[in-house]
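Student: Take a look at the following structure, please.
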Amino acid sequence: MATARLDYVAPWWTYWLHNFPHFNFFFQPIDNTFKPEEASYQQSLIFLACVGAVGLGLSLLVLTVYLICLCCCCKDMDEDSKRPETCCVTWVAIITGLIMCSAVGVGFYGNSETNDGVYQLTYSLYNANHTLGGINNLVAGSLGDTETGLKQHLERLDEIFSTSADYLKTLRFMQLMVGNIIRELTALPDISKANVDLAAIADQTAFIEYYRWLNYLLLLILDLVICLAMCLGMAKQSRWLLITIMTFVALSLILSWASLGASTATAVGTSDFCVSPDKFIVNQTKDFLSADVAHYYLFCSPNLQNPFQQSLTICQRSLTTMQLQIQGLLQFSVPFFPTAERDLLGIQRLLNSTEFSVHQLTALLDCRGLHKDYLDSLMGVCYDGVEGLLYLSLFSLLAACALSAMLCAVFRVWTLMASRDKEYDDIDEEDPFNPDARRMSYNPRRSNVHSFCSYTSSLGSVASLHPPPNPTTAPPEYMNQSMLFGGSPRYENVPLIGRGSPPPSYSPSMRTTYLSMTDAQIRHFGTDFQV
């Protein structure tokens with residue numbers, strides 16, 4: 001029962017990428033046929049890779065313009081616009097984080113798809129390499145047995161049968177059959193070079209893919225860490241953390257644009273190959289494989305005849321004929337020439353092993369095995385591989401845009417922090433709600449205030465606390481009450497009379513002290529504290 005043959009059809013995205021314009025360094029259009037050995041085609045791929053450099057330049061230009069506008073246009077920001085600006089920065093950071101997380105998810109999927117495609121390619125190459133290696137070993141083993149073993153036995157039999165003309169005629173016929181086998185085995189194409197090339201390509205591809213996968217994985221992890229650090233830095237508003245974030249964001253921005261250029265150039269080059277892979281392989285193998293052999297394995301069509309069928313048939317018929325001749329000699333010559341039995345049995349064993357090798361060689365030279373490996377490699381590269389590269393390109397583009405917006409948000413947070421610090425510097429040091437003023441009030445070296453709660457306090461102590469009052473203005477009542485009730489000027493517990501502040505709330509101990517004033521204290525401090 002015949003099995004259905006699988007055909008390769010290039011996916012639509014390879015045609016879309018194949019139609020990308022190809023220019024050399026002089027901006028001249030060139031042919032988009034996959035020719036990696038030509039300098040003009042290499043220049044076209046490098047030209048496509050420069051897309052990342054152009055994107056990086058545009059990002060830096062936008063960031064520079066935004067930074068200039070931020071420095072020049074935000075100096076006159078009023079108090080009412082601070083709250084909307086903070087909300088805007090917060091929403092920008094949230095949206096940027098969501099875009100970055102989405103980009104990282106796309107990147108993980110694309111990295112996995114590309115790795116799967118390259119793994120399928122290397123697996124198929126190793127499998128095809130194993131098949132070609134088996135063909136080489138069988139051909140070499142059969143030639144060795146035929147050229148050395150059979151010829152030696154026939155030479156000894158020629159000496160033994162030297163007196164019998166009939167047996168010598170049979171030996172000449174067998175030598176003719178051996179010559180046919182050697183000629184047909186030698187006529188088989190030497191595919192040892194293809195075997196070595198496939199192994200080298202598979203090893204190099206696996207080596208490059210491992211480091212490509214690892215670099216993208218580290219870049220994805222770096223972007224996730226940047227997102228988390230961005231949230232932490234904006235929440236804590238730490239300057240050193242923001243500086244660290246800006247450094248790593250700039251590094252990741254450069255890497256993202258570089259990866260975009262590299263993945264785009266690789267995807268376009270691979271698509272150029274995937275659109276017409278047969279033509280490229282025929283051109284690469286024309287030095288050691290004929291066109292009909294290459295087409296037989298690339299297309300494996302029932303209409304194509306096996307180019308090795310005739311040689312294998314001649315080998316099989318020659319071996320069968322020699323087997324019949326050896327059986328006849330064993331039956332009729334051994335009674336008369338007993339010494340010939342050993343060589344005849346040796347020839348029979350060599351013929352059996354050679355016939356088995358020819359059967360294996362016939363199975364390995366069939367196009368179905370190598371053609372399946374060829375299709376699997378194309379499916380891995382052109383479907384999973386190119387699709388993964390497209391997702392990696394999308395990840396790089398989204399990550400680059402998100403990182404640029406993240407830098408803008410960090411710049412804005414930095415300016416808001418600088419504005420906040422400037423407002424703190426503008427606070428009056430004599431303001432009773434200023435934390436620095438409170439700390440200064442507790443410093444005994446910077447204050448000459450004495451307690452008014454003792455009878456030994458003098459009026460000069462009161463004068464040292466505050467400048468002499470205007471004759472028309474009464475001394476500040478909250479200072480006297482502070483000295484009276486607490487002994488230390490804690491401004492949170494005293495009323496700010498005359499400043500439009502709400503009336504204070506007194507503790508029970510303060511009110512008890514206030515009501516227990518004696519006449520002497522009233523005469524000493526005046527009538528300022530009478531109810």
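The chains in the structure tokens are called A, B, ... from first to last as shown; in each chain the residues are counted from 1, and the ligands are counted from 1 in the order shown.
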If we count only C-alpha atoms, what is near Leu67 of chain A at a cut-off of 10 Å, once residues fewer than 3 positions away on the same chain are taken out, given as JSON, numbers by chain?
Tutor: {"A": [61, 62, 63, 64, 70, 71, 72, 73, 407, 408, 411, 412]}
Student: Check the DSSP output for the backbone and give back, as number ranges by chain, the residues of segment 279-338 of chain A in alpha helix (DSSP H).
Tutor: A: 279-284, 291-299, 309-332
Student: Which residues, written as a ChimeraX atom specification, have at least one atom at most 10 Å from Ser164 of chain A, with only C-alpha atoms counted and residues fewer than 5 positions away on the same chain left out?
Tutor: /A:158,169,333
Student: Tell me, as a list in words, which residues lie within 7 Å of segment 266-268 of chain A, counting only C-alpha atoms; anything in the same chain fewer than 6 positions away does not count.
Tutor: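 Those residues are Leu17, His18, Val386 and Leu389 of chain A.
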Student: Do you have, as CSV, the list of residues of segment 141-226 of chain A lying at most 12 Å from segment 360-382 of chain A, each with its nearest atom pair and that distance in Å to one decimal, counting only C-alpha atoms and ordered by chain then number?
Tutor:
```
residue,atom,partner,partner_atom,distance
A:Gly141,CA,A:Leu361,CA,11.1
A:Ser142,CA,A:Leu361,CA,9.9
A:Leu185,CA,A:Leu361,CA,10.4
A:Leu188,CA,A:Leu365,CA,10.2
A:Pro189,CA,A:Leu365,CA,10.9
A:Ile191,CA,A:Leu365,CA,11.2
A:Leu198,CA,A:Tyr374,CA,11.7
A:Ala202,CA,A:Ser377,CA,11.0
A:Thr205,CA,A:Val381,CA,11.5
```
Student: Which is closest to Ala103 of chain A among A:Thr354, A:Phe299, A:Leu397, A:Ser238, if we use only C-alpha atoms?
Tutor: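 Of all the options, A:Leu397 lies closest to Ala103 of chain A.
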Student: Taking only C-alpha atoms into account, name the residue in A:Leu150, A:Ala199, A:Val358, A:Leu143 that is nearest to Met322 of chain A.
Tutor: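 When distances to Met322 of chain A are compared using only C-alpha atoms, the smallest one comes from A:Leu150.
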Student: Looking at A:Ile68, A:Leu390, A:Leu416, A:Cys88, which one is nearest to Ala262 of chain A, with distances taken over only C-alpha atoms?
Tutor: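 Nearest to Ala262 of chain A: A:Leu390.
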Student: Nearest to Phe395 of chain A: which of A:Leu289, A:Ile99, A:Leu228, A:Val65 is it, counting only C-alpha atoms?
Tutor: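 When distances to Phe395 of chain A are compared using only C-alpha atoms, the smallest one comes from A:Ile99.
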Student: Could you tell me which of A:Leu176, A:Asp278, A:Gln323, A:Leu220 comes closest to Val106 of chain A if we count only C-alpha atoms?
Tutor: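 Answer, going by the shortest atom-to-atom distance: A:Leu220.
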Student: Between A:Met406, A:Met174, A:Leu298, A:Leu168, which one has atoms that come closest to Asp7 of chain A, using only C-alpha atoms?
Tutor: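 Of A:Met406, A:Met174, A:Leu298, A:Leu168, the one nearest Asp7 of chain A is A:Leu298, counting only C-alpha atoms.
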Student: Could you check how far atom CA of Ala206 of chain A sits from atom CA of Val118 of chain A, in Å to one decimal?
Tutor: 7.6 Å
Student: Enter the distance from atom CA of Ser276 of chain A to atom CA of Asn303 of chain A, in Å, rounded to one decimal.
Tutor: 21.1 Å
Student: Write out as a PyMOL selection string which residues come within 7 Å of segment 306-320 of chain A when counting only C-alpha atoms, dropping same-chain ones fewer than 5 positions away.
Tutor: chain A and resi 177+181+184+293+296+351+355+362
